[in-house]
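Colleague: Below is entry_16.pdb; it holds PDB, C-alpha atoms.
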ATOM      1  CA  MET Q   1       0.000   0.000   0.000  1.00  0.00           C
ATOM      2  CA  ASN Q   2       2.815   2.385   0.855  1.00  0.00           C
ATOM      3  CA  LYS Q   3       4.326   1.814  -2.571  1.00  0.00           C
ATOM      4  CA  VAL Q   4       0.991   2.591  -4.210  1.00  0.00           C
ATOM      5  CA  LEU Q   5       0.572   5.777  -2.208  1.00  0.00           C
ATOM      6  CA  THR Q   6       4.128   6.782  -3.032  1.00  0.00           C
ATOM      7  CA  ALA Q   7       3.520   6.190  -6.735  1.00  0.00           C
ATOM      8  CA  VAL Q   8       0.281   8.178  -6.640  1.00  0.00           C
ATOM      9  CA  GLY Q   9       1.990  10.997  -4.806  1.00  0.00           C
ATOM     10  CA  ALA Q  10       4.838  11.060  -7.292  1.00  0.00           C
ATOM     11  CA  SER Q  11       2.421  11.060 -10.226  1.00  0.00           C
ATOM     12  CA  THR Q  12       0.415  13.888  -8.707  1.00  0.00           C
ATOM     13  CA  ALA Q  13       3.533  15.923  -8.065  1.00  0.00           C
ATOM     14  CA  ALA Q  14       4.707  15.338 -11.630  1.00  0.00           C
ATOM     15  CA  ALA Q  15       1.321  16.409 -13.018  1.00  0.00           C
ATOM     16  CA  ILE Q  16       1.359  19.606 -10.943  1.00  0.00           C
ATOM     17  CA  ALA Q  17       4.927  20.370 -12.008  1.00  0.00           C
ATOM     18  CA  CYS Q  18       4.046  19.786 -15.659  1.00  0.00           C
ATOM     19  CA  SER Q  19       0.974  22.006 -15.377  1.00  0.00           C
ATOM     20  CA  ALA Q  20       2.996  24.746 -13.717  1.00  0.00           C
ATOM     21  CA  ALA Q  21       5.621  24.583 -16.466  1.00  0.00           C
ATOM     22  CA  LEU Q  22       3.056  24.729 -19.293  1.00  0.00           C
ATOM     23  CA  ARG Q  23       0.746  27.324 -17.724  1.00  0.00           C
ATOM     24  CA  PRO Q  24       2.701  30.348 -19.067  1.00  0.00           C
ATOM     25  CA  VAL Q  25       2.662  28.788 -22.533  1.00  0.00           C
ATOM     26  CA  PHE Q  26      -1.103  28.335 -22.409  1.00  0.00           C
ATOM     27  CA  ARG Q  27      -1.720  31.847 -21.071  1.00  0.00           C
ATOM     28  CA  HIS Q  28       0.705  33.763 -23.268  1.00  0.00           C
ATOM     29  CA  TRP Q  29       0.654  31.943 -26.602  1.00  0.00           C
ATOM     30  CA  GLY Q  30       2.304  34.078 -29.305  1.00  0.00           C
ATOM     31  CA  ALA Q  31       2.610  37.164 -27.070  1.00  0.00           C
ATOM     32  CA  THR Q  32       5.802  39.084 -26.334  1.00  0.00           C
ATOM     33  CA  ARG Q  33       6.922  39.944 -22.815  1.00  0.00           C
ATOM     34  CA  ASP Q  34       5.974  43.592 -23.390  1.00  0.00           C
ATOM     35  CA  GLU Q  35       2.473  42.555 -24.503  1.00  0.00           C
ATOM     36  CA  VAL Q  36       2.040  40.413 -21.408  1.00  0.00           C
ATOM     37  CA  ASP Q  37       3.452  42.855 -18.848  1.00  0.00           C
ATOM     38  CA  GLY Q  38       2.755  46.199 -20.511  1.00  0.00           C
ATOM     39  CA  PRO Q  39      -0.413  48.314 -20.355  1.00  0.00           C
ATOM     40  CA  TYR Q  40      -3.554  46.996 -21.985  1.00  0.00           C
ATOM     41  CA  PRO Q  41      -6.770  48.894 -22.820  1.00  0.00           C
ATOM     42  CA  GLY Q  42      -9.845  48.571 -20.628  1.00  0.00           C
ATOM     43  CA  GLU Q  43      -8.244  48.780 -17.199  1.00  0.00           C
ATOM     44  CA  GLY Q  44     -10.895  49.843 -14.699  1.00  0.00           C
ATOM     45  CA  ILE Q  45     -13.862  48.356 -16.550  1.00  0.00           C
ATOM     46  CA  VAL Q  46     -13.692  45.296 -14.283  1.00  0.00           C
ATOM     47  CA  PRO Q  47     -13.561  46.379 -10.604  1.00  0.00           C
ATOM     48  CA  ASP Q  48     -10.498  44.872  -8.918  1.00  0.00           C
ATOM     49  CA  GLY Q  49      -9.737  43.091 -12.169  1.00  0.00           C
ATOM     50  CA  GLU Q  50      -6.411  41.388 -12.769  1.00  0.00           C
ATOM     51  CA  ARG Q  51      -4.767  40.769 -16.132  1.00  0.00           C
ATOM     52  CA  GLY Q  52      -5.943  37.556 -17.735  1.00  0.00           C
ATOM     53  CA  ALA Q  53      -4.390  35.461 -20.469  1.00  0.00           C
ATOM     54  CA  THR Q  54      -2.687  37.437 -23.245  1.00  0.00           C
ATOM     55  CA  MET Q  55      -2.221  35.900 -26.697  1.00  0.00           C
ATOM     56  CA  ALA Q  56      -1.202  37.471 -29.985  1.00  0.00           C
ATOM     57  CA  VAL Q  57      -0.528  36.984 -33.676  1.00  0.00           C
ATOM     58  CA  THR Q  58       0.839  39.082 -36.542  1.00  0.00           C
ATOM     59  CA  ILE Q  59      -1.501  39.409 -39.509  1.00  0.00           C
ATOM     60  CA  ASP Q  60      -0.351  40.399 -42.990  1.00  0.00           C
ATOM     61  CA  ALA Q  61      -3.193  42.859 -43.431  1.00  0.00           C
ATOM     62  CA  PRO Q  62      -3.822  46.400 -42.108  1.00  0.00           C
ATOM     63  CA  PRO Q  63      -6.031  47.018 -39.029  1.00  0.00           C
ATOM     64  CA  GLU Q  64      -8.944  48.270 -41.145  1.00  0.00           C
ATOM     65  CA  ALA Q  65      -8.999  44.877 -42.899  1.00  0.00           C
ATOM     66  CA  VAL Q  66      -8.984  42.933 -39.609  1.00  0.00           C
ATOM     67  CA  TRP Q  67     -11.525  45.060 -37.738  1.00  0.00           C
ATOM     68  CA  PRO Q  68     -14.635  43.904 -39.680  1.00  0.00           C
ATOM     69  CA  TRP Q  69     -13.931  40.301 -38.659  1.00  0.00           C
ATOM     70  CA  LEU Q  70     -13.982  41.340 -34.988  1.00  0.00           C
ATOM     71  CA  VAL Q  71     -17.091  43.506 -35.235  1.00  0.00           C
ATOM     72  CA  GLN Q  72     -19.195  40.601 -36.478  1.00  0.00           C
ATOM     73  CA  LEU Q  73     -18.272  38.232 -33.626  1.00  0.00           C
ATOM     74  CA  GLY Q  74     -21.205  36.541 -31.919  1.00  0.00           C
ATOM     75  CA  GLY Q  75     -23.149  33.323 -31.612  1.00  0.00           C
ATOM     76  CA  ASP Q  76     -26.036  34.716 -33.652  1.00  0.00           C
ATOM     77  CA  ARG Q  77     -23.663  36.334 -36.162  1.00  0.00           C
ATOM     78  CA  ALA Q  78     -20.247  35.252 -37.436  1.00  0.00           C
ATOM     79  CA  GLY Q  79     -19.423  32.842 -34.631  1.00  0.00           C
ATOM     80  CA  TRP Q  80     -16.009  32.802 -32.911  1.00  0.00           C
ATOM     81  CA  TYR Q  81     -13.612  31.528 -35.600  1.00  0.00           C
ATOM     82  CA  SER Q  82     -12.575  28.672 -33.329  1.00  0.00           C
ATOM     83  CA  TRP Q  83     -13.597  25.028 -32.930  1.00  0.00           C
ATOM     84  CA  ASP Q  84     -17.239  25.443 -33.928  1.00  0.00           C
ATOM     85  CA  ARG Q  85     -18.364  22.081 -32.581  1.00  0.00           C
ATOM     86  CA  LEU Q  86     -17.205  23.148 -29.138  1.00  0.00           C
ATOM     87  CA  ASP Q  87     -18.147  26.814 -28.893  1.00  0.00           C
ATOM     88  CA  ASN Q  88     -20.686  27.569 -31.623  1.00  0.00           C
ATOM     89  CA  GLY Q  89     -23.218  24.769 -31.332  1.00  0.00           C
ATOM     90  CA  GLY Q  90     -21.723  23.062 -34.373  1.00  0.00           C
ATOM     91  CA  ARG Q  91     -22.636  26.011 -36.595  1.00  0.00           C
ATOM     92  CA  PRO Q  92     -19.763  27.101 -38.898  1.00  0.00           C
ATOM     93  CA  SER Q  93     -18.146  30.460 -38.264  1.00  0.00           C
ATOM     94  CA  ALA Q  94     -18.253  32.990 -41.089  1.00  0.00           C
ATOM     95  CA  ASP Q  95     -15.529  32.877 -43.713  1.00  0.00           C
ATOM     96  CA  ARG Q  96     -16.367  36.271 -45.211  1.00  0.00           C
ATOM     97  CA  ILE Q  97     -17.302  39.774 -44.101  1.00  0.00           C
ATOM     98  CA  HIS Q  98     -21.048  40.291 -43.676  1.00  0.00           C
ATOM     99  CA  PRO Q  99     -22.094  43.951 -44.166  1.00  0.00           C
ATOM    100  CA  GLU Q 100     -25.295  43.367 -42.175  1.00  0.00           C
ATOM    101  CA  TRP Q 101     -23.227  42.558 -39.053  1.00  0.00           C
ATOM    102  CA  GLN Q 102     -20.939  45.600 -39.105  1.00  0.00           C
ATOM    103  CA  ASP Q 103     -23.103  48.035 -37.110  1.00  0.00           C
ATOM    104  CA  LEU Q 104     -21.797  47.425 -33.584  1.00  0.00           C
ATOM    105  CA  LYS Q 105     -22.239  50.068 -30.858  1.00  0.00           C
ATOM    106  CA  LEU Q 106     -21.310  50.596 -27.219  1.00  0.00           C
ATOM    107  CA  GLY Q 107     -23.846  48.863 -25.012  1.00  0.00           C
ATOM    108  CA  ASP Q 108     -24.804  46.268 -27.621  1.00  0.00           C
ATOM    109  CA  THR Q 109     -25.120  42.669 -26.485  1.00  0.00           C
ATOM    110  CA  VAL Q 110     -22.964  39.951 -28.014  1.00  0.00           C
ATOM    111  CA  LYS Q 111     -24.549  36.530 -27.759  1.00  0.00           C
ATOM    112  CA  TYR Q 112     -23.277  33.011 -27.281  1.00  0.00           C
ATOM    113  CA  TRP Q 113     -24.885  30.074 -29.091  1.00  0.00           C
ATOM    114  CA  THR Q 114     -26.072  27.078 -27.087  1.00  0.00           C
ATOM    115  CA  LYS Q 115     -27.585  23.882 -28.455  1.00  0.00           C
ATOM    116  CA  ARG Q 116     -30.337  23.922 -25.840  1.00  0.00           C
ATOM    117  CA  ASN Q 117     -31.417  27.574 -25.829  1.00  0.00           C
ATOM    118  CA  GLY Q 118     -29.979  28.999 -29.052  1.00  0.00           C
ATOM    119  CA  ALA Q 119     -28.434  32.474 -28.802  1.00  0.00           C
ATOM    120  CA  VAL Q 120     -28.206  33.790 -25.233  1.00  0.00           C
ATOM    121  CA  ASP Q 121     -26.813  37.077 -23.893  1.00  0.00           C
ATOM    122  CA  ALA Q 122     -23.179  36.735 -22.863  1.00  0.00           C
ATOM    123  CA  TRP Q 123     -21.206  39.982 -23.258  1.00  0.00           C
ATOM    124  CA  THR Q 124     -21.830  43.706 -23.522  1.00  0.00           C
ATOM    125  CA  VAL Q 125     -19.731  45.976 -25.737  1.00  0.00           C
ATOM    126  CA  ALA Q 126     -17.888  48.060 -23.127  1.00  0.00           C
ATOM    127  CA  ALA Q 127     -15.136  49.573 -25.307  1.00  0.00           C
ATOM    128  CA  LEU Q 128     -15.180  50.340 -29.001  1.00  0.00           C
ATOM    129  CA  GLU Q 129     -12.430  52.161 -30.887  1.00  0.00           C
ATOM    130  CA  PRO Q 130     -12.739  51.350 -34.607  1.00  0.00           C
ATOM    131  CA  ASN Q 131      -9.631  49.674 -36.040  1.00  0.00           C
ATOM    132  CA  ARG Q 132      -8.002  49.786 -32.584  1.00  0.00           C
ATOM    133  CA  PHE Q 133      -9.844  48.067 -29.752  1.00  0.00           C
ATOM    134  CA  LEU Q 134     -12.970  46.046 -28.989  1.00  0.00           C
ATOM    135  CA  GLY Q 135     -13.763  45.213 -25.366  1.00  0.00           C
ATOM    136  CA  LEU Q 136     -16.507  42.761 -24.362  1.00  0.00           C
ATOM    137  CA  HIS Q 137     -17.647  42.795 -20.737  1.00  0.00           C
ATOM    138  CA  GLY Q 138     -19.160  39.758 -19.052  1.00  0.00           C
ATOM    139  CA  LEU Q 139     -20.623  39.363 -15.543  1.00  0.00           C
ATOM    140  CA  SER Q 140     -22.350  36.221 -14.295  1.00  0.00           C
ATOM    141  CA  ASP Q 141     -22.896  34.047 -11.255  1.00  0.00           C
ATOM    142  CA  LEU Q 142     -21.068  30.746 -10.949  1.00  0.00           C
ATOM    143  CA  THR Q 143     -23.789  28.943 -12.906  1.00  0.00           C
ATOM    144  CA  GLY Q 144     -23.317  31.255 -15.882  1.00  0.00           C
ATOM    145  CA  ARG Q 145     -26.474  33.297 -15.313  1.00  0.00           C
ATOM    146  CA  PRO Q 146     -25.878  36.936 -16.396  1.00  0.00           C
ATOM    147  CA  LEU Q 147     -25.916  39.552 -13.634  1.00  0.00           C
ATOM    148  CA  ASP Q 148     -26.824  43.237 -13.756  1.00  0.00           C
ATOM    149  CA  PRO Q 149     -23.594  45.297 -13.443  1.00  0.00           C
ATOM    150  CA  ALA Q 150     -25.627  48.180 -11.988  1.00  0.00           C
ATOM    151  CA  GLN Q 151     -26.457  46.062  -8.926  1.00  0.00           C
ATOM    152  CA  PRO Q 152     -24.073  45.183  -6.065  1.00  0.00           C
ATOM    153  CA  ARG Q 153     -21.890  42.172  -6.768  1.00  0.00           C
ATOM    154  CA  PRO Q 154     -22.973  38.977  -4.961  1.00  0.00           C
ATOM    155  CA  PRO Q 155     -20.534  36.944  -2.845  1.00  0.00           C
ATOM    156  CA  ALA Q 156     -19.919  34.520  -5.718  1.00  0.00           C
ATOM    157  CA  TYR Q 157     -19.487  35.671  -9.343  1.00  0.00           C
ATOM    158  CA  THR Q 158     -17.144  35.905 -12.307  1.00  0.00           C
ATOM    159  CA  GLU Q 159     -16.458  39.094 -14.249  1.00  0.00           C
ATOM    160  CA  GLY Q 160     -14.168  39.848 -17.119  1.00  0.00           C
ATOM    161  CA  LEU Q 161     -13.228  42.054 -20.036  1.00  0.00           C
ATOM    162  CA  TRP Q 162     -12.383  40.134 -23.209  1.00  0.00           C
ATOM    163  CA  GLY Q 163     -10.333  42.534 -25.313  1.00  0.00           C
ATOM    164  CA  PHE Q 164      -9.176  42.596 -28.935  1.00  0.00           C
ATOM    165  CA  GLN Q 165      -6.430  45.128 -29.600  1.00  0.00           C
ATOM    166  CA  LEU Q 166      -5.178  45.978 -33.078  1.00  0.00           C
ATOM    167  CA  LYS Q 167      -1.749  47.600 -33.388  1.00  0.00           C
ATOM    168  CA  GLU Q 168      -0.588  48.835 -36.791  1.00  0.00           C
ATOM    169  CA  LEU Q 169       2.803  47.582 -37.932  1.00  0.00           C
ATOM    170  CA  ALA Q 170       5.050  48.609 -40.779  1.00  0.00           C
ATOM    171  CA  GLY Q 171       4.355  47.128 -44.192  1.00  0.00           C
ATOM    172  CA  GLY Q 172       0.571  47.128 -43.860  1.00  0.00           C
ATOM    173  CA  ARG Q 173       0.539  44.483 -41.139  1.00  0.00           C
ATOM    174  CA  THR Q 174      -1.337  44.226 -37.834  1.00  0.00           C
ATOM    175  CA  ARG Q 175      -0.549  42.872 -34.414  1.00  0.00           C
ATOM    176  CA  LEU Q 176      -3.718  41.376 -32.892  1.00  0.00           C
ATOM    177  CA  VAL Q 177      -3.433  41.065 -29.112  1.00  0.00           C
ATOM    178  CA  ILE Q 178      -6.255  39.314 -27.250  1.00  0.00           C
ATOM    179  CA  GLY Q 179      -6.201  39.993 -23.519  1.00  0.00           C
ATOM    180  CA  GLY Q 180      -8.176  41.627 -20.767  1.00  0.00           C
ATOM    181  CA  TYR Q 181      -9.027  41.628 -17.077  1.00  0.00           C
ATOM    182  CA  GLU Q 182     -10.828  39.202 -14.793  1.00  0.00           C
ATOM    183  CA  THR Q 183     -12.217  38.831 -11.293  1.00  0.00           C
ATOM    184  CA  PHE Q 184     -13.431  35.679  -9.533  1.00  0.00           C
ATOM    185  CA  ARG Q 185     -15.227  35.561  -6.195  1.00  0.00           C
ATOM    186  CA  PRO Q 186     -14.712  33.878  -3.867  1.00  0.00           C
ATOM    187  CA  ARG Q 187     -10.975  34.016  -4.447  1.00  0.00           C
ATOM    188  CA  SER Q 188     -10.686  30.262  -3.880  1.00  0.00           C
ATOM    189  CA  VAL Q 189     -12.752  29.769  -7.040  1.00  0.00           C
ATOM    190  CA  GLY Q 190     -10.386  32.048  -8.919  1.00  0.00           C
ATOM    191  CA  TRP Q 191      -7.389  30.054  -7.726  1.00  0.00           C
ATOM    192  CA  LEU Q 192      -8.977  26.794  -8.868  1.00  0.00           C
ATOM    193  CA  LEU Q 193     -10.043  28.177 -12.248  1.00  0.00           C
ATOM    194  CA  SER Q 194      -6.597  29.679 -12.795  1.00  0.00           C
ATOM    195  CA  TRP Q 195      -5.322  26.100 -13.118  1.00  0.00           C
ATOM    196  CA  ILE Q 196      -8.297  24.662 -15.005  1.00  0.00           C
ATOM    197  CA  PHE Q 197      -8.990  27.399 -17.547  1.00  0.00           C
ATOM    198  CA  PRO Q 198      -5.585  28.074 -19.208  1.00  0.00           C
ATOM    199  CA  PRO Q 199      -5.484  24.855 -21.289  1.00  0.00           C
ATOM    200  CA  LEU Q 200      -9.122  25.309 -22.302  1.00  0.00           C
ATOM    201  CA  VAL Q 201      -8.614  28.961 -23.228  1.00  0.00           C
ATOM    202  CA  TRP Q 202      -5.486  28.070 -25.179  1.00  0.00           C
ATOM    203  CA  VAL Q 203      -7.273  25.386 -27.206  1.00  0.00           C
ATOM    204  CA  MET Q 204     -10.055  27.764 -28.246  1.00  0.00           C
ATOM    205  CA  GLN Q 205      -8.285  31.103 -28.477  1.00  0.00           C
ATOM    206  CA  SER Q 206      -5.154  29.950 -30.274  1.00  0.00           C
ATOM    207  CA  ARG Q 207      -7.439  28.462 -32.917  1.00  0.00           C
ATOM    208  CA  MET Q 208      -9.318  31.760 -33.068  1.00  0.00           C
ATOM    209  CA  LEU Q 209      -6.107  33.676 -33.735  1.00  0.00           C
ATOM    210  CA  VAL Q 210      -5.031  31.251 -36.460  1.00  0.00           C
ATOM    211  CA  VAL Q 211      -8.407  31.464 -38.232  1.00  0.00           C
ATOM    212  CA  LEU Q 212      -8.624  35.250 -37.954  1.00  0.00           C
ATOM    213  CA  LYS Q 213      -5.151  35.553 -39.448  1.00  0.00           C
ATOM    214  CA  ARG Q 214      -6.020  33.176 -42.285  1.00  0.00           C
ATOM    215  CA  ASN Q 215      -9.351  34.853 -43.052  1.00  0.00           C
ATOM    216  CA  ALA Q 216      -7.982  38.404 -43.062  1.00  0.00           C
ATOM    217  CA  GLU Q 217      -4.975  37.498 -45.189  1.00  0.00           C
ATOM    218  CA  ARG Q 218      -7.048  35.517 -47.689  1.00  0.00           C
ATOM    219  CA  ALA Q 219      -9.550  38.355 -47.998  1.00  0.00           C
ATOM    220  CA  GLY Q 220      -6.712  40.776 -48.708  1.00  0.00           C
ATOM    221  CA  THR Q 221      -5.250  38.467 -51.333  1.00  0.00           C
ATOM    222  CA  HIS Q 222      -8.581  38.059 -53.090  1.00  0.00           C
ATOM    223  CA  ALA Q 223      -9.235  41.813 -52.934  1.00  0.00           C
ATOM    224  CA  GLY Q 224      -5.897  42.432 -54.564  1.00  0.00           C
TER     225      GLY Q 224
END
If you convert what's in this file into C-alpha cells, what do you get?

Modeller:
Amino acid sequence: MNKVLTAVGASTAAAIACSAALRPVFRHWGATRDEVDGPYPGEGIVPDGERGATMAVTIDAPPEAVWPWLVQLGGDRAGWYSWDRLDNGGRPSADRIHPEWQDLKLGDTVKYWTKRNGAVDAWTVAALEPNRFLGLHGLSDLTGRPLDPAQPRPPAYTEGLWGFQLKELAGGRTRLVIGGYETFRPRSVGWLLSWIFPPLVWVMQSRMLVVLKRNAERAGTHAG
C-alpha cells in the first residue's frame, strides 16, 4: 500500500509540475513579454480586475482589414472563428465579411450560441475604438447566469473584459493582441479556475487567432 501511495503521490507531483511549467505557454501563446506585462486597454472596466491570459498573432493585413472580422463576432452572427463544434453549437463560423453585421455600438449585447437555448446574452460591448480596440464585458454568477452590473456584486461571481487590440505595424501588417481583465469571487474559485482554464482557453483562443489571421490574409489576397 505504501508503494501505491508513493507512486500516486509522485504522479500527482509530476502532473502539478508539468501544469505549472506549461501554464505560461497556455496563457501567453504568441505574445511578447511587453504585450504580457505592458499596459492593456480597458483597465478599470472590471472592478479589482487582474490581467488575464494574453495571446497574440501578426496578420499580414492592415487594421482596417482585420476590424470587420472582430465587429461581427457573436453566436447569432459570425461565430467565434474557433472550434465550432465546441463553442458555436456546431454552426460554422463565417468565412467572409457580412455587411449586415458591421453596425456594432457601445452597449450592444454579443450573444453566445447554445444547443439547448440557441443564442443567449453573454457579453456587452464596453469599449469600441474602430480599427483599434474592442472590449466585451461579461458578468455572471457561478452557474453562468448573467448579472446586472448596476447592482451590487454577490458573494460569488465571475467578471471579465475580453479585449481585442489591433496595433498597426510597418508594411501594412497588424498585431492582434487578445487579452483583458478578470475577477473571480470567492478568491478560492479564482485560484482553482486559474489552473483549469488556461489549457481550455489556449485550445479555443489559439485556434481563433489562427483562423482570424487566415481569413484576413485571404480576404486581402482576393481583394488584390

Colleague: Hey, which of Q:Leu73, Q:Ala156, Q:Ala31, Q:Ala122 ends up closest to Trp101 of chain Q? Count only C-alpha atoms.

Modeller: Q:Leu73

Colleague: Using all atoms of segment 41-58 of chain Q that appear in the file, construct an axis-aligned enclosing box with 6 Å of padding on every side and provide its centre coordinates and edge lengths in Å, rounded to one decimal, as lines of an AutoDock Vina configuration file.

Modeller:
center_x = -6.5
center_y = 42.7
center_z = -22.7
size_x = 26.7
size_y = 26.4
size_z = 39.6

Colleague: Expanded to explicit residues, what is the PyMOL selection byres ((chain Q and resi 51-57) around 6) for this file, as an MDAnalysis selection string?

Modeller: chainID Q and resid 27:31 36 50 58 175:182

Colleague: Can you measure atom CA of Phe164 of chain Q to atom CA of Gly138 of chain Q for me? One decimal in Å is fine.

Modeller: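 For atom CA of Phe164 of chain Q relative to atom CA of Gly138 of chain Q, the distance reads 14.3 Å.
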
Colleague: Using only C-alpha atoms, which residues sit within 8 Å of Gly75 of chain Q once same-chain residues fewer than 6 positions away are excluded, as a CSV table (one decimal) with C-alpha atoms, keeping the file's coordinate frame?

Modeller:
chain,number,residue,atom,x,y,z
Q,88,ASN,CA,-20.7,27.6,-31.6
Q,110,VAL,CA,-23.0,40.0,-28.0
Q,111,LYS,CA,-24.5,36.5,-27.8
Q,112,TYR,CA,-23.3,33.0,-27.3
Q,113,TRP,CA,-24.9,30.1,-29.1
Q,119,ALA,CA,-28.4,32.5,-28.8
